[in-house]
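Chemist: Below is a structure I'd like to ask you about.
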Amino acid sequence: MTNERSLTLRLLDFVERAGNRLPHPFWLFLLLIVATALVSELGVQMEWSAVGPDGSTTTPQSLLRADALRWFVLHMVENFGHFEPLSLVLVMLMGVAVAEGAGMVTAVMRAVALAVPRSLITPVLFALAACGNIGSDAGVVVIPPLAAAVFKQLGRNPVVGVLVGYVGATAGFTANLFPAGTDVLAMSLTNAATGGEPEIGVLANWYFMAVSVLFLAAIGTLVTRIFVEPRLPSVRVDTSAELPELSAIEKKGLLWSSLAVLLLAGVWLVTILPSQGVLRAEDPGMFWRSPFFKGLIPVLFSLFVVGGIVYGRVVGSIERADDILDFMGDAMKRMGPYIVLVLAISQFTEMFQYAKLDRLIALGGADLLRSAGIQDAPVPFFVAFIAAVAVANLFMGSASAKWAIFAPVFVPMFMQVGFHPAFTQLLYRLGDSITNCVSPLYPYFPLLLGWIADEDPKRAKVGTVLSLLVPYAAFLLVGWICMMILWFVLGLPVGPASPIHL
């Protein structure tokens with residue numbers, strides 16, 4: 001076991017050394033833009049093409065032609081300004097900054113650390129991060145720094161907390177104990193592929209995904225303890241000292257801020273729960289795609305700001321209104337490097353899509369799997385399907401865009417050999433989640449580097465971070481596939497009225 005483990009650690013050291021030879025992510029994305037331009041021209045010269053599920057033919061567009069230059073000049077600023085993760089990150093961090101600057105975040109994290117047994121901190125945070133996708137990408141922005149605060153309160157390396165929160169929120173993006181927007185998006189595209197016969201519901205994968213939260217938390221905890229924490233230095237703390245209890249004024253601050261947050265949450269719920277709520281969807285069946293959930297960022301922003309203000313006023317950390325602006329301004333100062341990096345990321349993303357390389361890759365993968373067949377060996381085909389989606393996810397981050405391509409091809413194909421569309425959708429969602437955490441092209445990866453730089457600048461390098469993330473991706477992917485195979489062998493339904501077989 002020791003030899004096997006040392007071999008694994010040596011491989012991770014190699015990943016770290018090789019990755020750290022890569023240039024800064026800004027220059028890396030510029031190199032990717034150049035490569036994309038060359039490949040797009042090559043594709044045009046070689047007349048690449050792919051036929052979509054609707055019969056339409058996709059061909060590449062060269063980035064080295066006059067039309068592409070005109071498009072770039074007209075859209076460069078728009079590409080940057082409309083890059084959705086940027087606005088989400090900035091808005092959420094300004095809200096969190098108020099609660100953090102007032103001291104509420106630290107107090108809450110200390111309360112959590114005191115309430116939860118230390119042995120359960122990692123799996124609990126991992127599960128919370130996975131469930132954070134009910135707020136779409138907000139969980140990716142909020143959970144990692146909070147997890148770092150918890151680990152710091154416990155005297156553990158906060159970098160580990162950042163990684164636990166990030167991996168849980170990205171690799172476990174589709175797992176949840178509750179229905180989320182991702183369930184609605186997947187369901188709508190699946191039903192479009194079946195023509196409504198059979199029609200699946202928003203809870204089509206709920207049984208499997210609810211169990212996945214606990215399963216992934218267990219695997220993530222083991223990977224953290226065996227592969228991640230041993231590769232990071234221990235934090236020097238006085239092990240004889242206990243975590244300090246909350247003071248009377250801190251308890252008072254948390255009490256009043258909690259009441260304020262609950263009151264505001266109640267006000268927000270009035271907009272969604274009553275049948276005439278102003279933020280409900282017109283179609284009752286689209287509850288999870290209502291304006292409330294589609295616009296959950298302002299809701300979360302307001303909760304953090306109100307909670308932070310009330311806490312700060314009670315404990316005295318906010319004495320004047322301008323203190324709130326100072327907290328927000330300080331947070332934006334720390335985001336400078338990320339904003340600069342987004343300039344390159346946003347251009348690469350839009351250029352890759354303009355050249356239609358993302359669609360060509362997805363369609364090519366679908367054609368390859370379709371030609372492989374499924375009747376004689378369904379389980380290997382399931383694994384190949386998950387792997388193909390995971391690879392496509394590295395190049396096309398949008399889950400709905402990929403499923404719009406894969407669903408019309410594979411849902412009917414799986415139905416022809418007797419598999420329920422809910423099960424096909426489940427296989428897709430497994431592949432769509434895992435590689436989020438290990439992809440340097442993921443929009444929030446630069447944000448991860450920034451969080452780690454705040455805690456340990458020496459380890460905020462691409463190679464170092466990837467070497468810490470690879471074990472998570474590898475073991476979670478293998479573990480999730482094994483769980484799927486066991487589920488398949490036992491013939492368990494993946495959700496209400498959603499069997500594996502038709």
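Chain labels run A, B, ... following the order of the structure tokens; each chain numbers its residues from 1, and ligands are numbered from 1 in the order shown.
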Fewer than 6 positions away in the same chain doesn't count, so skip those; otherwise give me all residues within 10 Å of segment 298-305 of chain A, counting only C-alpha atoms, as a ChimeraX atom specification.

Modeler: /A:88,91-100,102,104-105,135,138,142,257-258,260-265,268,292,311,324

Chemist: Go ahead and dump the residues you just picked, C-alpha atoms, as a PDB file, in the first residue's frame.

Modeler:
```
ATOM      1  CA  LEU A  88     -21.837  36.883 -11.141  1.00  0.00           C
ATOM      2  CA  VAL A  91     -21.861  40.903  -7.523  1.00  0.00           C
ATOM      3  CA  MET A  92     -21.682  37.910  -5.184  1.00  0.00           C
ATOM      4  CA  LEU A  93     -18.290  38.903  -3.787  1.00  0.00           C
ATOM      5  CA  MET A  94     -19.472  42.439  -3.036  1.00  0.00           C
ATOM      6  CA  GLY A  95     -22.316  40.952  -1.008  1.00  0.00           C
ATOM      7  CA  VAL A  96     -20.092  38.454   0.763  1.00  0.00           C
ATOM      8  CA  ALA A  97     -17.525  41.220   1.379  1.00  0.00           C
ATOM      9  CA  VAL A  98     -20.001  43.112   3.580  1.00  0.00           C
ATOM     10  CA  ALA A  99     -20.685  40.041   5.727  1.00  0.00           C
ATOM     11  CA  GLU A 100     -16.990  39.154   5.803  1.00  0.00           C
ATOM     12  CA  ALA A 102     -18.276  43.020   9.401  1.00  0.00           C
ATOM     13  CA  MET A 104     -20.184  37.808  10.479  1.00  0.00           C
ATOM     14  CA  VAL A 105     -18.604  35.177   8.232  1.00  0.00           C
ATOM     15  CA  GLY A 135     -28.214  28.725  -6.679  1.00  0.00           C
ATOM     16  CA  ALA A 138     -23.382  31.032  -6.922  1.00  0.00           C
ATOM     17  CA  VAL A 142     -19.574  31.510  -2.122  1.00  0.00           C
ATOM     18  CA  SER A 257     -28.365  39.148  11.976  1.00  0.00           C
ATOM     19  CA  SER A 258     -30.007  35.713  11.738  1.00  0.00           C
ATOM     20  CA  ALA A 260     -32.829  39.922   9.909  1.00  0.00           C
ATOM     21  CA  VAL A 261     -31.813  37.354   7.298  1.00  0.00           C
ATOM     22  CA  LEU A 262     -34.814  35.151   8.124  1.00  0.00           C
ATOM     23  CA  LEU A 263     -37.153  38.139   7.913  1.00  0.00           C
ATOM     24  CA  LEU A 264     -35.754  39.171   4.529  1.00  0.00           C
ATOM     25  CA  ALA A 265     -35.847  35.549   3.324  1.00  0.00           C
ATOM     26  CA  TRP A 268     -38.447  36.981  -0.752  1.00  0.00           C
ATOM     27  CA  PHE A 292     -36.916  33.894  -8.575  1.00  0.00           C
ATOM     28  CA  TYR A 311     -24.136  42.038  12.598  1.00  0.00           C
ATOM     29  CA  ILE A 324     -20.004  49.156   3.864  1.00  0.00           C
TER      30      ILE A 324
END
```

Chemist: If DSSP is run on the backbone, what residues of segment 29-224 of chain A are strand (DSSP E or B)? A reply as JSON, numbers by chain would be ideal.

Modeler: {"A": [50, 51, 57, 58]}

Chemist: So the first atom is atom CA of Leu255 of chain A and the second is atom CA of Val314 of chain A; what is the distance between them in Å, to one decimal place?

Modeler: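 Calculated distance between atom CA of Leu255 of chain A and atom CA of Val314 of chain A is 9.8 Å.
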
Chemist: Per residue of segment 313-392 of chain A within 10 Å of segment 468-480 of chain A, note the shortest atom pair and the distance in Å to one decimal, counting only C-alpha atoms, and order the rows by chain and increasing residue number, as JSON lines.

Modeler:
```
{"residue": "A:Val383", "atom": "CA", "partner": "A:Val478", "partner_atom": "CA", "distance": 9.7}
{"residue": "A:Ile386", "atom": "CA", "partner": "A:Leu477", "partner_atom": "CA", "distance": 9.3}
{"residue": "A:Ala387", "atom": "CA", "partner": "A:Leu477", "partner_atom": "CA", "distance": 9.1}
{"residue": "A:Ala390", "atom": "CA", "partner": "A:Leu477", "partner_atom": "CA", "distance": 9.4}
```

Chemist: Just the number, please: distance in Å from atom CA of Arg320 of chain A to atom CA of Lys252 of chain A, one decimal.

Modeler: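 Rounded to one decimal, the two atoms are 19.7 Å apart.
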
Chemist: Restricting the calculation to only C-alpha atoms, which member of A:Val167, A:Ala392, A:Ala127, A:Leu22 is positioned closest to Leu357 of chain A?

Modeler: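 Residue with the minimum atom-to-atom distance to Leu357 of chain A: A:Ala392.
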
Chemist: Nearest to Leu31 of chain A: which of A:Ala344, A:Thr221, A:Ala460, A:Val162 is it, counting only C-alpha atoms?

Modeler: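 Nearest to Leu31 of chain A: A:Ala344.
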
Chemist: Which residue gives the smallest distance to Thr464 of chain A among A:Leu189, A:Leu254, A:Val108, A:Val159, with only C-alpha atoms counted?

Modeler: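 The shortest atom-to-atom distance to Thr464 of chain A comes from A:Val159.
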
Chemist: What is the atom CA of Phe327 of chain A-atom CA of Arg459 of chain A distance in Å, reported with one decimal?

Modeler: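 It comes out at 26.3 Å.
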
Chemist: Quick one: residues within 9 Å of segment 200-216 of chain A, only C-alpha atoms, excluding same-chain residues fewer than 5 positions away - as an NGL selection string?

Modeler: :A and (123 or 126-128 or 130-131 or 168 or 172 or 174-180 or 183-188 or 190-191 or 221 or 285-286 or 288 or 421-423 or 425-426 or 476 or 479-480 or 483-484 or 487 or 493-499)

Chemist: Using only C-alpha atoms, determine which residues lie at most 8 Å from Leu125 of chain A, disregarding the query and same-chain residues fewer than 5 positions distant; provide the list as number ranges by chain.

Modeler: A: 147, 164-165, 168

Chemist: Give the alpha helix (DSSP H) residues of segment 253-480 of chain A, as assigned by DSSP on the backbone, as a ChimeraX atom specification.

Modeler: /A:253-270,291-294,296-315,321-334,336-354,357-372,378-395,399-416,421-434,445-455,462-480

Chemist: Considering only C-alpha atoms, return as a ChimeraX atom specification whatever protein or nucleic-acid residues lie within 12 Å of Val34 of chain A, sequence-local ones (same chain, fewer than 3 positions apart) excluded.

Modeler: /A:27-31,37-41,62-64,344,347-348,351-352

Chemist: Quick one: of A:Gly463, A:Pro457, A:Pro291, A:Gly52, who's nearest to Val438 of chain A, counting only C-alpha atoms?

Modeler: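 Among A:Gly463, A:Pro457, A:Pro291, A:Gly52, it is A:Gly463 that comes nearest to Val438 of chain A.
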